[in-house]
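Source file: protein.txt. Holds: compact mmCIF, C-alpha atoms (C1' of nucleotides) and all ligand atoms.
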# COMPACT_ATOMS: atom_id res chain seq x y z
CA MET N 1 -167.30 152.94 105.56
CA THR N 2 -165.09 155.32 103.60
CA SER N 3 -163.24 153.55 100.79
CA GLN N 4 -159.66 154.27 99.83
CA VAL N 5 -160.89 155.52 96.46
CA GLN N 6 -163.21 158.00 98.13
CA ILE N 7 -160.46 159.26 100.38
CA ASP N 8 -158.07 159.69 97.46
CA GLN N 9 -160.83 161.54 95.65
CA ARG N 10 -161.31 163.82 98.62
CA VAL N 11 -157.61 164.64 98.77
CA LYS N 12 -157.59 165.27 95.04
CA SER N 13 -160.46 167.73 95.26
CA PHE N 14 -158.69 169.33 98.22
CA ILE N 15 -155.77 170.14 95.93
CA ALA N 16 -158.22 171.87 93.60
CA ALA N 17 -159.77 173.72 96.54
CA CYS N 18 -156.31 174.93 97.58
CA ARG N 19 -155.80 176.47 94.17
CA GLN N 20 -159.21 178.15 94.52
CA HIS N 21 -158.47 179.54 97.96
CA GLY N 22 -154.94 180.49 96.96
CA ILE N 23 -153.24 178.31 99.55
CA LYS N 24 -150.58 175.68 98.96
CA ALA N 25 -151.39 172.00 98.80
CA THR N 26 -148.53 170.93 101.04
CA GLN N 27 -147.73 167.35 102.01
CA GLN N 28 -148.67 168.13 105.61
CA ARG N 29 -152.02 169.62 104.73
CA MET N 30 -152.87 166.71 102.46
CA GLU N 31 -151.96 164.09 105.05
CA ILE N 32 -153.89 165.85 107.80
CA LEU N 33 -156.96 166.03 105.59
CA ARG N 34 -156.48 162.41 104.53
CA GLU N 35 -156.36 161.36 108.16
CA LEU N 36 -159.54 163.22 109.02
CA ALA N 37 -161.32 161.96 105.92
CA SER N 38 -160.40 158.37 106.83
CA THR N 39 -162.23 158.24 110.12
CA GLU N 40 -165.66 158.91 111.53
CA GLU N 41 -164.47 159.31 115.08
CA HIS N 42 -163.98 163.10 115.03
CA PRO N 43 -160.44 163.03 116.45
CA ASP N 44 -158.71 165.83 118.35
CA ALA N 45 -155.49 167.56 117.32
CA GLU N 46 -153.20 165.28 119.33
CA THR N 47 -154.74 162.19 117.78
CA VAL N 48 -154.37 163.55 114.27
CA PHE N 49 -150.78 164.45 115.11
CA ALA N 50 -149.96 160.95 116.37
CA ARG N 51 -151.40 159.29 113.27
CA VAL N 52 -150.03 161.60 110.62
CA ARG N 53 -146.63 161.36 112.27
CA LYS N 54 -146.44 157.71 111.24
CA ARG N 55 -146.35 158.77 107.62
CA LEU N 56 -144.64 162.16 108.04
CA PRO N 57 -142.32 161.59 111.02
CA THR N 58 -141.03 165.18 111.10
CA ILE N 59 -144.42 166.92 111.27
CA SER N 60 -144.87 169.19 114.26
CA LEU N 61 -147.85 169.54 116.57
CA ASP N 62 -147.77 173.24 115.80
CA THR N 63 -148.37 172.50 112.13
CA VAL N 64 -151.29 170.24 112.97
CA TYR N 65 -152.99 172.93 115.01
CA ARG N 66 -152.24 175.57 112.40
CA THR N 67 -153.47 173.39 109.57
CA LEU N 68 -156.67 172.38 111.32
CA ARG N 69 -157.40 176.05 111.82
CA THR N 70 -156.64 176.83 108.18
CA LEU N 71 -158.85 174.00 106.93
CA GLU N 72 -161.65 175.14 109.21
CA GLU N 73 -161.37 178.74 108.06
CA ASN N 74 -161.63 177.58 104.47
CA GLU N 75 -164.62 175.44 105.38
CA ILE N 76 -162.93 172.24 104.28
CA ILE N 77 -163.43 170.70 107.71
CA SER N 78 -165.51 171.66 110.74
CA ARG N 79 -165.20 171.61 114.48
CA VAL N 80 -167.60 169.73 116.72
CA GLY N 81 -168.91 171.84 119.55
CA SER N 82 -168.20 175.44 120.34
CA MET N 83 -164.75 175.25 121.83
CA ARG N 84 -162.22 178.01 122.23
CA GLU N 85 -164.58 180.32 123.97
CA ARG N 86 -164.98 180.49 127.69
CA ALA N 87 -167.83 178.67 129.35
CA ARG N 88 -171.07 180.62 129.67
CA PHE N 89 -173.69 179.94 132.30
CA ASP N 90 -177.46 180.06 132.48
CA ALA N 91 -179.87 180.06 135.40
CA ASN N 92 -182.93 179.84 133.17
CA THR N 93 -184.38 176.42 133.94
CA ALA N 94 -187.29 176.65 131.50
CA PRO N 95 -186.76 174.43 128.44
CA HIS N 96 -185.27 176.69 125.79
CA HIS N 97 -182.56 177.06 123.17
CA HIS N 98 -180.02 179.67 122.14
CA PHE N 99 -179.13 182.09 119.41
CA VAL N 100 -175.39 182.83 119.41
CA CYS N 101 -173.70 185.71 117.61
CA SER N 102 -170.41 184.47 116.25
CA ASP N 103 -169.00 188.00 116.08
CA CYS N 104 -169.60 189.37 119.59
CA GLY N 105 -170.64 186.30 121.55
CA LEU N 106 -174.12 187.53 122.41
CA ILE N 107 -176.36 184.70 123.59
CA GLY N 108 -180.14 185.02 123.40
CA ASP N 109 -182.85 182.65 124.56
CA PHE N 110 -185.64 181.38 122.39
CA TYR N 111 -188.46 178.93 122.93
CA CYS N 112 -189.74 176.40 120.45
CA ASP N 113 -192.12 173.56 121.22
CA GLU N 114 -191.51 171.71 117.95
CA LEU N 115 -187.82 171.43 118.69
CA GLN N 116 -188.55 170.70 122.31
CA GLY N 117 -190.44 167.48 121.72
CA PHE N 118 -188.33 166.41 118.76
CA PRO N 119 -188.03 162.59 118.57
CA PRO N 120 -184.45 161.31 118.04
CA PRO N 121 -184.16 159.45 114.72
CA PRO N 122 -183.83 155.64 114.91
CA GLU N 123 -180.16 155.60 113.87
CA VAL N 124 -179.42 157.45 117.09
CA ALA N 125 -181.06 154.73 119.18
CA ASP N 126 -178.37 152.36 117.88
CA MET N 127 -175.66 154.57 119.27
CA GLY N 128 -177.05 154.97 122.77
CA SER N 129 -179.67 156.68 124.88
CA VAL N 130 -180.34 160.39 124.61
CA ASP N 131 -180.97 162.43 127.71
CA SER N 132 -180.80 165.93 126.34
CA VAL N 133 -181.03 167.88 123.13
CA TYR N 134 -178.70 170.79 122.68
CA ILE N 135 -179.57 173.27 119.95
CA GLU N 136 -177.77 176.43 119.00
CA LEU N 137 -178.63 178.76 116.13
CA ARG N 138 -175.54 180.57 114.99
CA GLY N 139 -175.37 183.79 113.07
CA ARG N 140 -174.85 187.49 113.54
CA CYS N 141 -176.82 189.73 115.88
CA ARG N 142 -178.43 192.99 114.74
CA ALA N 143 -175.66 195.17 116.16
CA CYS N 144 -172.91 193.13 114.51
CA GLN N 145 -174.72 193.13 111.17
CA ILE N 146 -174.78 196.92 111.21
CA LYS N 147 -171.17 197.13 112.31
CA ARG N 148 -170.21 194.81 109.49
CA ASP N 149 -172.17 196.75 106.85
CA ARG N 150 -170.34 199.93 107.79
CA THR N 151 -166.83 198.53 107.47
CA GLU N 152 -167.19 197.21 103.95
CA MET E 153 -187.42 191.28 133.03
CA THR E 154 -186.73 189.38 136.24
CA SER E 155 -188.10 191.20 139.28
CA GLN E 156 -186.32 191.43 142.61
CA VAL E 157 -189.10 189.40 144.20
CA GLN E 158 -188.63 186.62 141.69
CA ILE E 159 -184.88 186.58 142.25
CA ASP E 160 -185.32 186.45 146.03
CA GLN E 161 -187.78 183.61 145.53
CA ARG E 162 -185.25 181.78 143.40
CA VAL E 163 -182.56 182.10 146.05
CA LYS E 164 -184.99 180.96 148.70
CA SER E 165 -185.88 177.83 146.78
CA PHE E 166 -182.18 177.28 146.21
CA ILE E 167 -181.70 176.99 149.95
CA ALA E 168 -184.35 174.27 149.98
CA ALA E 169 -182.65 172.56 147.03
CA CYS E 170 -179.38 172.55 148.95
CA ARG E 171 -180.99 170.68 151.79
CA GLN E 172 -182.37 168.20 149.25
CA HIS E 173 -179.02 167.65 147.58
CA GLY E 174 -177.16 167.58 150.88
CA ILE E 175 -174.96 170.56 150.07
CA LYS E 176 -174.46 173.66 152.15
CA ALA E 177 -176.23 176.91 151.37
CA THR E 178 -173.20 179.14 151.73
CA GLN E 179 -173.17 182.90 151.27
CA GLN E 180 -170.97 182.48 148.21
CA ARG E 181 -173.27 180.00 146.54
CA MET E 182 -176.32 182.12 147.19
CA GLU E 183 -174.72 185.25 145.77
CA ILE E 184 -173.44 183.45 142.70
CA LEU E 185 -176.87 182.04 142.00
CA ARG E 186 -178.47 185.43 142.65
CA GLU E 187 -176.14 187.01 140.14
CA LEU E 188 -176.91 184.44 137.45
CA ALA E 189 -180.65 184.61 138.13
CA SER E 190 -180.55 188.40 137.74
CA THR E 191 -179.38 188.46 134.15
CA GLU E 192 -180.27 187.01 130.78
CA GLU E 193 -176.87 187.56 129.27
CA HIS E 194 -175.38 184.13 130.08
CA PRO E 195 -172.20 185.48 131.70
CA ASP E 196 -168.89 183.66 131.98
CA ALA E 197 -167.10 182.83 135.23
CA GLU E 198 -164.94 185.97 135.26
CA THR E 199 -167.98 188.19 134.83
CA VAL E 200 -169.84 186.47 137.65
CA PHE E 201 -166.71 186.82 139.77
CA ALA E 202 -166.40 190.56 139.10
CA ARG E 203 -170.02 191.20 139.97
CA VAL E 204 -170.33 189.02 143.04
CA ARG E 205 -167.10 190.51 144.35
CA LYS E 206 -168.86 193.85 144.78
CA ARG E 207 -171.06 192.31 147.43
CA LEU E 208 -168.63 189.68 148.78
CA PRO E 209 -165.23 191.33 148.38
CA THR E 210 -163.27 188.34 149.65
CA ILE E 211 -164.72 185.75 147.27
CA SER E 212 -162.16 183.95 145.15
CA LEU E 213 -162.29 183.14 141.45
CA ASP E 214 -161.70 179.53 142.41
CA THR E 215 -164.89 179.50 144.43
CA VAL E 216 -166.82 180.92 141.49
CA TYR E 217 -165.57 178.16 139.18
CA ARG E 218 -166.14 175.48 141.80
CA THR E 219 -169.62 176.73 142.61
CA LEU E 220 -170.68 177.00 138.98
CA ARG E 221 -169.61 173.39 138.53
CA THR E 222 -171.50 172.32 141.65
CA LEU E 223 -174.65 174.15 140.60
CA GLU E 224 -174.41 172.60 137.16
CA GLU E 225 -173.94 169.10 138.57
CA ASN E 226 -177.03 169.57 140.69
CA GLU E 227 -178.91 170.87 137.66
CA ILE E 228 -179.63 174.22 139.27
CA ILE E 229 -177.96 176.04 136.38
CA SER E 230 -176.73 174.97 132.96
CA ARG E 231 -173.84 175.67 130.69
CA VAL E 232 -174.16 177.06 127.18
CA GLY E 233 -172.00 175.27 124.68
CA SER E 234 -169.93 172.18 125.02
CA MET E 235 -167.96 171.31 128.11
CA ARG E 236 -165.43 169.29 126.17
CA GLU E 237 -161.80 169.80 127.02
CA ARG E 238 -160.22 169.44 123.58
CA ALA E 239 -161.47 170.50 120.18
CA ARG E 240 -162.71 167.69 117.92
CA PHE E 241 -162.62 167.86 114.14
CA ASP E 242 -164.78 166.58 111.32
CA ALA E 243 -164.14 166.19 107.60
CA ASN E 244 -167.70 165.12 106.85
CA THR E 245 -169.10 167.97 104.78
CA ALA E 246 -172.56 166.48 104.32
CA PRO E 247 -175.20 168.29 106.39
CA HIS E 248 -175.49 166.27 109.57
CA HIS E 249 -175.67 166.40 113.36
CA HIS E 250 -174.03 164.62 116.29
CA PHE E 251 -174.69 162.23 119.09
CA VAL E 252 -172.24 162.75 121.95
CA CYS E 253 -171.60 160.33 124.80
CA SER E 254 -171.04 162.36 127.94
CA ASP E 255 -169.15 159.48 129.59
CA CYS E 256 -166.49 158.56 127.02
CA GLY E 257 -166.68 161.41 124.53
CA LEU E 258 -167.73 159.27 121.57
CA ILE E 259 -169.13 161.37 118.75
CA GLY E 260 -171.42 159.79 116.17
CA ASP E 261 -172.99 161.28 113.05
CA PHE E 262 -176.66 161.22 112.26
CA TYR E 263 -178.77 162.66 109.47
CA CYS E 264 -182.20 164.20 109.78
CA ASP E 265 -183.98 166.14 107.08
CA GLU E 266 -186.67 167.56 109.38
CA LEU E 267 -184.03 169.21 111.56
CA GLN E 268 -182.06 170.21 108.51
CA GLY E 269 -184.70 172.43 106.98
CA PHE E 270 -186.05 173.67 110.29
CA PRO E 271 -187.29 177.29 110.07
CA PRO E 272 -185.98 179.58 112.84
CA PRO E 273 -188.87 180.92 114.97
CA PRO E 274 -189.77 184.62 114.51
CA GLU E 275 -188.35 185.69 117.89
CA VAL E 276 -184.95 184.68 116.56
CA ALA E 277 -185.29 186.95 113.54
CA ASP E 278 -185.43 189.90 115.97
CA MET E 279 -182.07 188.93 117.40
CA GLY E 280 -180.19 188.59 114.13
CA SER E 281 -179.64 186.44 111.07
CA VAL E 282 -179.03 182.72 111.36
CA ASP E 283 -176.44 181.06 109.16
CA SER E 284 -176.17 177.66 110.76
CA VAL E 285 -177.96 175.28 113.06
CA TYR E 286 -175.89 173.32 115.52
CA ILE E 287 -177.54 170.31 117.11
CA GLU E 288 -176.09 167.84 119.55
CA LEU E 289 -177.94 164.95 121.14
CA ARG E 290 -176.32 164.11 124.45
CA GLY E 291 -176.55 160.85 126.31
CA ARG E 292 -174.67 157.65 126.92
CA CYS E 293 -173.38 155.30 124.25
CA ARG E 294 -174.10 151.56 124.29
CA ALA E 295 -170.70 150.65 125.70
CA CYS E 296 -170.93 153.17 128.51
CA GLN E 297 -174.44 152.07 129.39
CA ILE E 298 -173.19 148.51 129.87
CA LYS E 299 -170.17 149.68 131.84
CA ARG E 300 -172.45 151.71 134.07
CA ASP E 301 -174.88 148.83 134.64
CA ARG E 302 -172.04 146.62 135.82
CA THR E 303 -170.67 149.04 138.40
CA GLU E 304 -173.91 149.60 140.28
C1' DT D 305 -135.36 177.88 88.01
C1' DC D 306 -136.66 181.01 91.55
C1' DC D 307 -139.81 183.40 94.67
C1' DT D 308 -142.10 183.08 98.63
C1' DA D 309 -145.47 180.70 101.52
C1' DT D 310 -145.01 177.25 104.67
C1' DT D 311 -142.83 174.12 107.84
C1' DT D 312 -139.80 173.03 111.46
C1' DA D 313 -137.83 173.09 116.05
C1' DG D 314 -137.73 174.58 120.19
C1' DT D 315 -139.03 177.62 123.46
C1' DA D 316 -142.16 180.74 125.48
C1' DA D 317 -146.55 182.94 126.18
C1' DT D 318 -151.61 182.77 127.05
C1' DA D 319 -155.53 181.90 129.09
C1' DA D 320 -159.16 179.10 131.13
C1' DT D 321 -159.75 176.10 134.55
C1' DT D 322 -158.32 173.08 138.42
C1' DC D 323 -155.50 171.62 142.42
C1' DG D 324 -153.09 171.66 147.25
C1' DT D 325 -153.66 173.04 151.55
C1' DA D 326 -154.31 175.68 155.59
C1' DT D 327 -158.23 177.93 157.41
C1' DT D 328 -162.99 178.94 158.01
C1' DT D 329 -167.87 177.99 158.14
C1' DA D 330 -172.60 175.81 157.95
C1' DC D 331 -175.42 173.20 160.41
C1' DA D 332 -176.80 168.73 162.82
C1' DC D 333 -177.33 167.59 167.24
C1' DA D 334 -176.32 167.69 172.09
C1' DT A 335 -177.44 178.18 172.47
C1' DG A 336 -172.95 176.14 172.12
C1' DT A 337 -169.85 172.73 169.84
C1' DG A 338 -167.73 169.04 166.61
C1' DT A 339 -166.96 168.01 162.18
C1' DA A 340 -167.39 167.42 157.39
C1' DA A 341 -167.79 170.54 153.79
C1' DA A 342 -166.43 174.70 151.71
C1' DT A 343 -163.35 178.67 151.06
C1' DA A 344 -159.19 181.59 149.80
C1' DC A 345 -155.09 181.96 147.69
C1' DG A 346 -151.31 180.86 145.11
C1' DA A 347 -149.49 177.47 142.30
C1' DA A 348 -150.18 174.00 138.79
C1' DT A 349 -152.19 172.11 134.58
C1' DT A 350 -153.63 171.95 130.00
C1' DA A 351 -154.88 173.11 125.35
C1' DT A 352 -153.68 176.18 122.23
C1' DT A 353 -151.17 179.98 120.06
C1' DA A 354 -147.05 182.89 119.32
C1' DC A 355 -142.05 183.76 118.65
C1' DT A 356 -138.06 183.18 116.17
C1' DA A 357 -134.55 181.87 112.41
C1' DA A 358 -133.35 178.53 109.29
C1' DA A 359 -134.79 174.92 106.03
C1' DT A 360 -138.05 173.21 102.66
C1' DA A 361 -140.93 172.73 98.92
C1' DG A 362 -145.23 174.55 95.96
C1' DG A 363 -146.11 176.29 91.86
C1' DA A 364 -145.64 180.03 88.26
MN MN G 401 -180.53 180.54 128.12
MN MN G 402 -169.68 164.57 112.09
ZN ZN G 403 -173.04 190.30 117.78
ZN ZN G 404 -169.55 156.28 125.85
Re-express the file's structure as structure tokens.
Ligand SMILES: [Mn+2]
Ligand SMILES: [Mn+2]
Ligand SMILES: [Zn+2]
Ligand SMILES: [Zn+2]
Amino acid sequence: MTSQVQIDQRVKSFIAACRQHGIKATQQRMEILRELASTEEHPDAETVFARVRKRLPTISLDTVYRTLRTLEENEIISRVGSMRERARFDANTAPHHHFVCSDCGLIGDFYCDELQGFPPPPEVADMGSVDSVYIELRGRCRACQIKRDRTE
Amino acid sequence: MTSQVQIDQRVKSFIAACRQHGIKATQQRMEILRELASTEEHPDAETVFARVRKRLPTISLDTVYRTLRTLEENEIISRVGSMRERARFDANTAPHHHFVCSDCGLIGDFYCDELQGFPPPPEVADMGSVDSVYIELRGRCRACQIKRDRTE
DNA sequence: TCCTATTTAGTAATAATTCGTATTTACACA
DNA sequence: TGTGTAAATACGAATTATTACTAAATAGGA
């Protein structure tokens, strides 16, 4: 899927991005990014650690976690799902979706028929069968927008 | 928003649902459901615990967690966000969404322009500003479907 | 070359959730 | 209306992913 040339290219542009963001293009960061860019399986931190360790035997798990966070903050990689927050529960059984404020954690319901009856694209059928659609709109709630405007 | 009568009705139908599912309608379960049905704020386990405790002072946090899981398994309530245990990372920066197998955790990419440019409904604009759309199709991957067919 | 951000190692802290187990309780049925 | 029993609870302890200390070593990059 992803050729060696493409991966090398990605790492190269990462080095440029580091300069832009003012962070160092360390060996560890480059190898962690290379590992992630080489797979489509969306690995977890432990998996990345185990694989990068083959090439950089002294790397620490701590560095992997720290680096993944740094890369995410700089929007070089992303995280699947909404981990690292506690589980939130919902007794509303009507079909609906959520707006989530990424500053304060507010969760609001909204209803949308178009999204509700959305047909899964054919490429998904190849992967498996879908039994539910989870949709989350992420942004900043009114209150947090105001709060943010005041502090800058 | 939700009237006392409606909440009582919900608890009453929960008792019937318990009979259906073959689980016991305990005081704890009823109060936990009542608490969730009384709010639109999608509380976490600790919050439910704190509130239910006012009415059932001897309830344990463990019971709250266990009950929320039971209610979720019986599809009486739902969980906002992902229930995954470890964070998963992604170096694919192209706009895309995910198919997630709830049996084995497989995560696959898919692309869909209609979803991509989807306009947030007006009720969402009242809540705040949206900066990203997170979509996850949940189901069972090919391999897990086969595995499941064999064991039943 | 040299300054300093970053990594390492190794341990400890957190924090959400789950487990072990003795005890209690819901409820089917006698 | 009592009673037996599987299911559920309470409580503390355990687990697990992740983050936080530290001090000393390393290595980017100007
Ligand atoms: Mn909701
Ligand atoms: Mn992806
Ligand atoms: Zn907010
Ligand atoms: Zn699967």
> If you count all atoms listed in the file, which residues end up within 6 Å of ligand ZN 404 (chain G), as a ChimeraX atom specification?
Replying inline: /E:253,255-256,258,292-293,295-296
Could you write out that same residue set with C-alpha atoms as a CSV table (one decimal), in the coordinates of the input?
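Saved the output as out_36.csv:
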chain,number,residue,atom,x,y,z
E,253,CYS,CA,-171.6,160.3,124.8
E,255,ASP,CA,-169.2,159.5,129.6
E,256,CYS,CA,-166.5,158.6,127.0
E,258,LEU,CA,-167.7,159.3,121.6
E,292,ARG,CA,-174.7,157.6,126.9
E,293,CYS,CA,-173.4,155.3,124.2
E,295,ALA,CA,-170.7,150.6,125.7
E,296,CYS,CA,-170.9,153.2,128.5
>> Counting only C-alpha atoms (C1' of nucleotides), find residues at most 12 Å from (-142.9, 172.2, 91.5) (file frame) and give them as JSON, numbers by chain.
In response: {"N": [24, 25, 26], "D": [305, 306], "A": [361, 362, 363, 364]}
>> Using only C-alpha atoms (C1' of nucleotides), which protein or nucleic acid residues come within 9 Å of N:Asp131? Drop anything in the same chain fewer than 4 positions from it, and give the result as a VMD selection string.
In response: chain E and resid 289 to 292
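RMSD over all C-alpha atoms, after superposing chain E onto chain N with atoms paired in order, amounts to 0.5 Å.
Among the candidates N:Asp109, N:Glu75, N:Glu114, N:Asp62, the one nearest to chain D when counting all atoms listed in the file is N:Asp62.
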>> Give me, as a PyMOL selection string, all polymer residues having an atom no more than 10 Å from A:DT350, counting only C-alpha atoms (C1' of nucleotides) and skipping those fewer than 5 positions away in the same chain.
In response: (chain E and resi 237-238) or (chain D and resi 320-322)
Residues of the last selection are to be written out with C-alpha atoms (C1' of nucleotides), as a PDB file, in the coordinates of the input.
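Dumped to result-v1.pdb:
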ATOM      1  CA  GLU E 237    -161.800 169.800 127.020  1.00  0.00           C
ATOM      2  CA  ARG E 238    -160.220 169.440 123.580  1.00  0.00           C
TER       3      ARG E 238
ATOM      4  C1'  DA D 320    -159.160 179.100 131.130  1.00  0.00           C
ATOM      5  C1'  DT D 321    -159.750 176.100 134.550  1.00  0.00           C
ATOM      6  C1'  DT D 322    -158.320 173.080 138.420  1.00  0.00           C
TER       7       DT D 322
END
> chain E residues within 8 Å of chain N, counting all atoms listed in the file: which ones, as number ranges by chain?
Replying inline: E: 185, 188-189, 192-197, 220, 228-236, 238-245, 251, 253, 258-262, 264, 273, 275-276, 278-294, 297
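If you measure from each of E:Pro247, E:Leu213, E:Lys164, E:Glu183 to ligand MN 402 (chain G) using only C-alpha atoms and all ligand atoms, the closest one turns out to be E:Pro247.
The two atoms in question, atom CA of N:Gln20 and atom C1' of D:DT311, are spaced 21.5 Å apart.
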